[in-house]
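Shown below: target-v2.cif, with mmCIF, C-alpha atoms.
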```
data_target
#
loop_
_atom_site.group_PDB
_atom_site.id
_atom_site.type_symbol
_atom_site.label_atom_id
_atom_site.label_comp_id
_atom_site.auth_asym_id
_atom_site.auth_seq_id
_atom_site.Cartn_x
_atom_site.Cartn_y
_atom_site.Cartn_z
ATOM 1 C CA MET A 1 117.768 74.341 101.104
ATOM 2 C CA LEU A 2 115.517 77.429 101.176
ATOM 3 C CA TRP A 3 113.783 76.244 104.343
ATOM 4 C CA TYR A 4 117.089 75.535 106.051
ATOM 5 C CA LYS A 5 118.483 78.917 105.017
ATOM 6 C CA SER A 6 115.409 80.684 106.411
ATOM 7 C CA TRP A 7 115.747 78.728 109.649
ATOM 8 C CA LEU A 8 119.407 79.684 109.999
ATOM 9 C CA GLU A 9 118.552 83.350 109.485
ATOM 10 C CA THR A 10 115.855 83.423 112.147
ATOM 11 C CA ARG A 11 116.715 80.666 114.617
ATOM 12 C CA TRP A 12 118.323 82.834 117.305
ATOM 13 C CA ARG A 13 115.521 85.410 117.232
ATOM 14 C CA PHE A 14 113.032 82.566 117.555
ATOM 15 C CA LEU A 15 114.851 80.672 120.302
ATOM 16 C CA ILE A 16 115.528 83.803 122.370
ATOM 17 C CA GLY A 17 111.914 84.902 121.988
ATOM 18 C CA LEU A 18 110.611 81.471 122.984
ATOM 19 C CA ALA A 19 112.848 81.382 126.058
ATOM 20 C CA LEU A 20 111.852 84.885 127.193
ATOM 21 C CA LEU A 21 108.128 84.364 126.659
ATOM 22 C CA MET A 22 108.182 81.020 128.454
ATOM 23 C CA CYS A 23 110.122 82.538 131.366
ATOM 24 C CA SER A 24 107.602 85.372 131.498
ATOM 25 C CA ALA A 25 104.696 82.913 131.600
ATOM 26 C CA GLY A 26 106.357 80.782 134.268
ATOM 27 C CA ALA A 27 107.288 83.741 136.466
ATOM 28 C CA MET A 28 103.772 85.148 136.185
ATOM 29 C CA VAL A 29 102.163 81.898 137.353
ATOM 30 C CA LEU A 30 104.597 81.336 140.210
ATOM 31 C CA MET A 31 104.294 84.885 141.576
ATOM 32 C CA TYR A 32 100.485 84.754 141.812
ATOM 33 C CA PRO A 33 100.392 83.593 145.478
ATOM 34 C CA ARG A 34 102.691 86.460 146.458
ATOM 35 C CA VAL A 35 100.522 88.946 144.576
ATOM 36 C CA GLN A 36 97.474 87.676 146.437
ATOM 37 C CA GLU A 37 99.229 88.225 149.755
ATOM 38 C CA LEU A 38 100.082 91.789 148.770
ATOM 39 C CA LEU A 39 96.547 92.546 147.585
ATOM 40 C CA THR A 40 95.104 91.562 150.973
ATOM 41 C CA VAL A 41 97.230 94.111 152.828
ATOM 42 C CA ALA A 42 97.519 96.827 150.173
ATOM 43 C CA PRO A 43 95.401 99.960 150.711
ATOM 44 C CA SER A 44 92.580 100.642 148.275
ATOM 45 C CA VAL A 45 93.569 102.686 145.231
ATOM 46 C CA ASP A 46 91.961 106.108 145.161
ATOM 47 C CA VAL A 47 93.049 107.735 141.909
ATOM 48 C CA GLY A 48 90.640 109.722 139.788
ATOM 49 C CA GLY A 49 90.196 109.774 136.051
ATOM 50 C CA GLU A 50 90.605 107.093 133.419
ATOM 51 C CA ILE A 51 93.980 105.981 134.771
ATOM 52 C CA GLY A 52 92.529 105.454 138.218
ATOM 53 C CA ARG A 53 89.644 103.464 136.790
ATOM 54 C CA ARG A 54 92.024 101.170 134.909
ATOM 55 C CA ILE A 55 94.202 100.646 137.976
ATOM 56 C CA ARG A 56 91.212 99.767 140.132
ATOM 57 C CA GLU A 57 89.878 97.393 137.492
ATOM 58 C CA ALA A 58 93.263 95.670 137.144
ATOM 59 C CA VAL A 59 93.504 95.240 140.911
ATOM 60 C CA GLU A 60 90.011 93.773 141.154
ATOM 61 C CA LEU A 61 90.584 91.415 138.226
ATOM 62 C CA SER A 62 93.885 90.262 139.743
ATOM 63 C CA ARG A 63 92.131 89.009 142.865
ATOM 64 C CA GLU A 64 90.969 86.025 140.802
ATOM 65 C CA TYR A 65 93.477 83.767 139.034
ATOM 66 C CA ARG A 66 91.966 83.928 135.562
ATOM 67 C CA GLY A 67 91.764 87.710 135.785
ATOM 68 C CA PHE A 68 95.348 87.933 137.014
ATOM 69 C CA VAL A 69 96.598 85.846 134.090
ATOM 70 C CA TRP A 70 94.761 88.049 131.623
ATOM 71 C CA VAL A 71 95.868 91.347 133.171
ATOM 72 C CA GLN A 72 99.527 90.410 133.542
ATOM 73 C CA GLY A 73 99.998 87.999 130.654
ATOM 74 C CA PHE A 74 97.579 88.237 127.772
ATOM 75 C CA SER A 75 96.852 91.941 128.171
ATOM 76 C CA GLN A 76 100.394 93.182 128.849
ATOM 77 C CA ASN A 77 103.444 90.942 128.728
ATOM 78 C CA PHE A 78 102.569 88.699 125.797
ATOM 79 C CA PRO A 79 101.350 91.424 123.376
ATOM 80 C CA GLN A 80 104.288 93.688 124.182
ATOM 81 C CA MET A 81 107.033 91.079 123.985
ATOM 82 C CA GLY A 82 105.232 89.204 121.225
ATOM 83 C CA THR A 83 105.069 92.282 119.007
ATOM 84 C CA LEU A 84 108.810 92.754 119.308
ATOM 85 C CA PHE A 85 109.608 89.196 118.276
ATOM 86 C CA ALA A 86 106.962 89.104 115.533
ATOM 87 C CA VAL A 87 108.693 92.134 114.019
ATOM 88 C CA LEU A 88 112.132 90.592 114.454
ATOM 89 C CA LEU A 89 111.009 87.389 112.728
ATOM 90 C CA GLY A 90 109.542 89.341 109.825
ATOM 91 C CA THR A 91 112.545 91.593 109.334
ATOM 92 C CA GLY A 92 115.441 90.862 107.012
ATOM 93 C CA GLY A 93 116.432 87.756 105.103
ATOM 94 C CA LEU A 94 115.535 89.082 101.652
ATOM 95 C CA LEU A 95 117.660 92.100 100.747
ATOM 96 C CA SER A 96 119.697 92.680 103.890
ATOM 97 C CA GLY A 97 123.159 91.379 104.614
ATOM 98 C CA GLY A 98 126.018 90.355 102.378
ATOM 99 C CA ALA A 99 124.245 87.165 101.259
ATOM 100 C CA ALA A 100 121.372 88.976 99.493
ATOM 101 C CA LEU A 101 122.825 88.526 95.996
ATOM 102 C CA PHE A 102 123.571 84.866 96.770
ATOM 103 C CA THR A 103 119.962 84.365 97.842
ATOM 104 C CA LEU A 104 118.654 85.883 94.621
ATOM 105 C CA SER A 105 120.980 83.680 92.569
ATOM 106 C CA LEU A 106 119.538 80.453 93.989
ATOM 107 C CA PRO A 107 117.579 78.211 91.574
ATOM 108 C CA ALA A 108 114.216 79.433 92.810
ATOM 109 C CA THR A 109 111.806 82.154 91.806
ATOM 110 C CA ARG A 110 111.457 85.275 93.890
ATOM 111 C CA ALA A 111 107.932 84.185 94.768
ATOM 112 C CA GLN A 112 109.302 80.941 96.185
ATOM 113 C CA LEU A 113 111.949 82.800 98.178
ATOM 114 C CA LEU A 114 109.352 85.084 99.703
ATOM 115 C CA ARG A 115 106.859 82.296 100.441
ATOM 116 C CA VAL A 116 109.458 80.148 102.188
ATOM 117 C CA ARG A 117 110.755 83.117 104.191
ATOM 118 C CA ALA A 118 107.214 84.088 105.209
ATOM 119 C CA ALA A 119 106.145 80.520 106.023
ATOM 120 C CA THR A 120 109.207 79.926 108.189
ATOM 121 C CA GLY A 121 108.683 83.140 110.122
ATOM 122 C CA LEU A 122 104.954 82.536 110.570
ATOM 123 C CA ALA A 123 105.560 78.987 111.821
ATOM 124 C CA GLU A 124 108.015 80.337 114.383
ATOM 125 C CA TRP A 125 105.626 83.126 115.358
ATOM 126 C CA PHE A 126 102.807 80.593 115.805
ATOM 127 C CA ILE A 127 104.968 78.613 118.230
ATOM 128 C CA LEU A 128 105.889 81.802 120.110
ATOM 129 C CA ALA A 129 102.214 82.727 120.437
ATOM 130 C CA LEU A 130 100.923 79.298 121.446
ATOM 131 C CA VAL A 131 103.564 77.499 123.538
ATOM 132 C CA PRO A 132 103.939 80.120 126.329
ATOM 133 C CA SER A 133 100.133 80.289 126.541
ATOM 134 C CA LEU A 134 99.924 76.518 127.002
ATOM 135 C CA LEU A 135 102.584 76.689 129.701
ATOM 136 C CA ILE A 136 100.085 78.486 131.946
ATOM 137 C CA PRO A 137 97.626 75.558 132.394
ATOM 138 C CA LEU A 138 100.616 73.221 132.675
ATOM 139 C CA LEU A 139 102.180 75.128 135.594
ATOM 140 C CA SER A 140 99.000 76.269 137.354
ATOM 141 C CA PRO A 141 98.587 73.089 139.476
ATOM 142 C CA ALA A 142 101.980 73.856 141.049
ATOM 143 C CA ILE A 143 100.357 76.765 142.912
ATOM 144 C CA GLY A 144 97.038 75.035 143.505
ATOM 145 C CA GLU A 145 95.211 76.723 140.637
ATOM 146 C CA SER A 146 93.839 75.626 137.279
ATOM 147 C CA TYR A 147 93.547 77.295 133.909
ATOM 148 C CA SER A 148 91.593 76.146 130.876
ATOM 149 C CA VAL A 149 93.643 74.683 128.012
ATOM 150 C CA GLY A 150 90.938 75.883 125.637
ATOM 151 C CA GLY A 151 91.265 79.399 127.027
ATOM 152 C CA ALA A 152 95.033 79.333 126.588
ATOM 153 C CA ILE A 153 94.656 78.189 122.968
ATOM 154 C CA ALA A 154 92.040 80.888 122.267
ATOM 155 C CA HIS A 155 94.317 83.616 123.612
ATOM 156 C CA GLY A 156 97.263 82.158 121.693
ATOM 157 C CA VAL A 157 95.263 82.288 118.447
ATOM 158 C CA CYS A 158 94.320 85.926 119.092
ATOM 159 C CA LEU A 159 97.954 86.768 119.735
ATOM 160 C CA PHE A 160 99.086 84.943 116.606
ATOM 161 C CA LEU A 161 96.576 86.405 114.145
ATOM 162 C CA ALA A 162 96.675 89.988 115.393
ATOM 163 C CA GLY A 163 100.448 89.940 115.911
ATOM 164 C CA GLY A 164 100.782 88.627 112.367
ATOM 165 C CA VAL A 165 99.921 92.141 111.188
ATOM 166 C CA PHE A 166 103.252 93.411 112.514
ATOM 167 C CA PHE A 167 105.095 90.391 111.115
ATOM 168 C CA SER A 168 103.622 91.042 107.662
ATOM 169 C CA LEU A 169 104.379 94.769 107.839
ATOM 170 C CA ALA A 170 108.016 94.036 108.717
ATOM 171 C CA LEU A 171 108.179 91.536 105.851
ATOM 172 C CA LEU A 172 106.744 94.084 103.420
ATOM 173 C CA LEU A 173 109.205 96.762 104.512
ATOM 174 C CA SER A 174 112.035 94.238 104.144
ATOM 175 C CA THR A 175 111.267 94.126 100.404
ATOM 176 C CA LEU A 176 111.507 97.923 100.238
ATOM 177 C CA PHE A 177 114.726 98.528 102.161
ATOM 178 C CA GLY A 178 118.080 96.818 101.848
ATOM 179 C CA ASP A 179 118.932 96.888 105.551
ATOM 180 C CA ILE A 180 117.469 95.398 108.702
ATOM 181 C CA TRP A 181 117.166 98.528 110.807
ATOM 182 C CA ARG A 182 114.670 100.604 108.834
ATOM 183 C CA PRO A 183 112.001 97.865 108.581
ATOM 184 C CA LEU A 184 112.536 97.036 112.255
ATOM 185 C CA LEU A 185 112.375 100.603 113.553
ATOM 186 C CA ILE A 186 109.520 101.730 111.304
ATOM 187 C CA THR A 187 107.352 98.750 112.266
ATOM 188 C CA LEU A 188 108.073 99.178 115.975
ATOM 189 C CA ALA A 189 107.323 102.899 115.726
ATOM 190 C CA ILE A 190 103.964 102.162 114.064
ATOM 191 C CA ALA A 191 103.198 99.565 116.751
ATOM 192 C CA ALA A 192 104.044 102.087 119.480
ATOM 193 C CA VAL A 193 101.781 104.740 117.943
ATOM 194 C CA LEU A 194 98.912 102.265 117.620
ATOM 195 C CA GLY A 195 99.434 101.184 121.219
ATOM 196 C CA LEU A 196 99.272 104.799 122.434
ATOM 197 C CA LEU A 197 96.165 105.545 120.379
ATOM 198 C CA GLU A 198 94.419 102.544 121.888
ATOM 199 C CA GLN A 199 94.887 104.066 125.328
ATOM 200 C CA LEU A 200 92.396 106.794 124.410
ATOM 201 C CA PRO A 201 88.928 106.003 125.816
ATOM 202 C CA PRO A 202 87.084 105.912 122.436
ATOM 203 C CA LEU A 203 89.573 103.349 121.089
ATOM 204 C CA THR A 204 90.291 101.320 124.224
ATOM 205 C CA GLY A 205 90.292 97.612 123.392
ATOM 206 C CA ARG A 206 89.171 98.199 119.794
ATOM 207 C CA GLY A 207 92.478 98.116 117.955
ATOM 208 C CA VAL A 208 95.009 95.489 117.053
ATOM 209 C CA PHE A 209 96.345 95.234 120.610
ATOM 210 C CA GLY A 210 92.824 94.751 121.922
ATOM 211 C CA VAL A 211 92.479 91.803 119.558
ATOM 212 C CA MET A 212 95.918 90.476 120.565
ATOM 213 C CA SER A 213 94.921 90.512 124.228
ATOM 214 C CA GLY A 214 91.735 88.542 123.552
ATOM 215 C CA GLU A 215 89.786 90.953 125.762
ATOM 216 C CA THR A 216 86.474 90.058 124.124
ATOM 217 C CA TYR A 217 87.109 86.370 124.808
ATOM 218 C CA PHE A 218 88.106 87.085 128.404
ATOM 219 C CA ARG A 219 85.006 89.149 129.147
ATOM 220 C CA THR A 220 82.353 87.332 127.100
ATOM 221 C CA GLY A 221 83.784 83.925 126.181
ATOM 222 C CA SER A 222 83.445 84.747 122.473
ATOM 223 C CA LEU A 223 86.388 85.205 120.135
ATOM 224 C CA PRO A 224 86.730 88.635 118.467
ATOM 225 C CA TRP A 225 85.892 87.236 115.049
ATOM 226 C CA ALA A 226 85.670 90.610 113.297
ATOM 227 C CA GLY A 227 89.050 91.726 114.636
ATOM 228 C CA LEU A 228 90.648 88.384 113.780
ATOM 229 C CA PHE A 229 89.249 88.524 110.236
ATOM 230 C CA VAL A 230 90.467 92.101 109.712
ATOM 231 C CA SER A 231 93.902 91.177 111.071
ATOM 232 C CA ALA A 232 94.185 88.150 108.790
ATOM 233 C CA ALA A 233 93.001 90.192 105.790
ATOM 234 C CA ALA A 234 95.486 92.977 106.530
ATOM 235 C CA SER A 235 98.329 90.464 106.834
ATOM 236 C CA ALA A 236 97.334 88.802 103.554
ATOM 237 C CA ALA A 237 97.153 92.174 101.796
ATOM 238 C CA MET A 238 100.624 93.155 103.002
ATOM 239 C CA PHE A 239 102.042 89.794 101.961
ATOM 240 C CA TYR A 240 100.514 90.243 98.504
ATOM 241 C CA ALA A 241 102.016 93.738 98.259
ATOM 242 C CA ALA A 242 105.393 92.375 99.350
ATOM 243 C CA SER A 243 105.189 89.617 96.739
ATOM 244 C CA VAL A 244 104.306 92.023 93.907
ATOM 245 C CA HIS A 245 107.052 94.465 94.828
ATOM 246 C CA PHE A 246 109.673 91.764 95.308
ATOM 247 C CA GLU A 247 108.849 90.251 91.915
ATOM 248 C CA ARG A 248 109.100 93.607 90.133
ATOM 249 C CA ARG A 249 112.092 95.054 91.939
ATOM 250 C CA ASP A 250 115.169 95.582 89.800
ATOM 251 C CA PHE A 251 118.490 94.535 91.355
#
```
Output the file's structure as structure tokens, nothing else.
Amino acid sequence: MLWYKSWLETRWRFLIGLALLMCSAGAMVLMYPRVQELLTVAPSVDVGGEIGRRIREAVELSREYRGFVWVQGFSQNFPQMGTLFAVLLGTGGLLSGGAALFTLSLPATRAQLLRVRAATGLAEWFILALVPSLLIPLLSPAIGESYSVGGAIAHGVCLFLAGGVFFSLALLLSTLFGDIWRPLLITLAIAAVLGLLEQLPPLTGRGVFGVMSGETYFRTGSLPWAGLFVSAAASAAMFYAASVHFERRDF
């Protein structure tokens, strides 16, 4: 019953997220030939500074299919949209809504309630991170290109583990506040600040979004093990904090 209840609470967030991410992946693959046509006739970019360097790099990477997929998908669309839905899946279901007292009255410990809620959300987030990534090698032959299944899985794992930080933060905040909006908005605000900080040259590619994008894997073929370990440890620590607080909270 707990699993089914958790599924009912999150199913529309999950299904909408899956549909949007899969549409994003499909549109990205199918528009690659058109992008190539535009790049052949577009004038060279001559913008100074760090912004100009990033634009020129993105253009050069996009001339090759693997680079285009990373620039448009794994570096931009998937981390941005994925963060939103990771937060949505982690928010609510514990204290929010009119059914909170009913949930707490079920014949289960608070630890069980939290574990089931977290496991359901993480399973859904894993599917959101992996399935759209696997859609890329599946659709690539339609435009005469190929993409490694192993590469898609590696990027999906990076997205899942690093994005799990925001899921766990939203889950933790959901044990602190009795509504949906504060955990949602606080987590998204923190994600936005982290994203802006990572745009600064000393931090470029070294934060949680750099790990989510799998930039190290794209450039070197090696997974960002340190970043993945730190992300997993941070998520575990926040889940532990959520569990302790939820157990001790007086209702």
task: Would you mind telling me which residue in A:Ala226, A:Pro79, A:Thr220, A:Gly178 lies nearest to Gly164 (chain A) when using only C-alpha atoms?
output: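 Using only C-alpha atoms, Gly164 (chain A) sits closest to A:Pro79.
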field: Phe167 (chain A) environment, 6 Å, only C-alpha atoms, sequence neighbours closer than 5 positions dropped, as JSON, numbers by chain
entry: {"A": [86, 87, 90]}
- line: In Å and to one decimal, CA of Val193 (chain A) is distant from CA of Thr216 (chain A) by 22.1 Å
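Of the residues listed (A:Ser140, A:Ser148, A:Ser168, A:Ser75), A:Ser140 shows the shortest atom-to-atom separation from Leu30 (chain A); distances use all atoms listed in the file.
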task: Using the chain letters and residue numbers of this document, give as a VMD selection string the residues selected by the PyMOL selection byres ((chain A and resi 5-11) around 8).
output: chain A and resid 1 to 4 12 to 15 89 93 116 to 117 120 to 121
task: Name every residue that the PyMOL selection byres ((chain A and resi 126-128) around 9) selects in this structure, writing the answer as a VMD selection string with chains first and numbers rising.
output: chain A and resid 14 17 to 18 21 to 22 82 85 to 86 121 to 125 129 to 133 156 to 157 159 to 161 164
task: Tell me, as a ChimeraX atom specification, which residues lie within 12 Å of Arg206 (chain A), counting all atoms listed in the file; anything in the same chain fewer than 2 positions away does not count.
output: /A:162,194-195,197-204,208-216,224,226-228,230
Which residues come within 10 Å of Met31 (chain A), counting only C-alpha atoms, excluding same-chain residues fewer than 5 positions away, as a CSV table (one decimal) with C-alpha atoms, keeping the file's coordinate frame?
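Done, and the output landed in out_29.csv:
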```csv
chain,number,residue,atom,x,y,z
A,26,GLY,CA,106.4,80.8,134.3
A,36,GLN,CA,97.5,87.7,146.4
A,143,ILE,CA,100.4,76.8,142.9
```
field: Reference answer for the PyMOL selection byres ((chain A and resi 174) around 6), as a ChimeraX atom specification
entry: /A:91-92,171-173,175-177,183
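Between CA of Gly151 (chain A) and CA of Ala191 (chain A) the interatomic distance comes to 25.6 Å.
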message: List the spatial neighbours of Ser62 (chain A) as a ChimeraX atom specification - criterion: any atom at most 10 Å away, all atoms listed in the file, same-chain residues fewer than 3 positions off excluded.
response: /A:32,35-36,39,56-59,65-72
message: Could you check the closest approach to Val29 (chain A) for each of A:Leu138, A:Ala241, A:Leu223, A:Cys158 and tell me which residue wins, using all atoms listed in the file?
response: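 Closest candidate: A:Leu138.
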task: Take CA of Ala189 (chain A) and CA of Gly163 (chain A) and report the distance between them in Å, one decimal.
output: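 Spanning CA of Ala189 (chain A) to CA of Gly163 (chain A) is a straight-line distance of 14.7 Å.
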query: Nearest to Arg63 (chain A) among A:Arg248, A:Arg182, A:Arg110, A:Arg34, with distances taken over all atoms listed in the file: which residue is it?
result: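 So, comparing all the options, the nearest one is A:Arg34.
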- prompt: Using all atoms listed in the file, which of A:Glu64, A:Ser24, A:Trp225, A:Tyr240 sits nearest Phe78 (chain A)?
  reply: A:Ser24
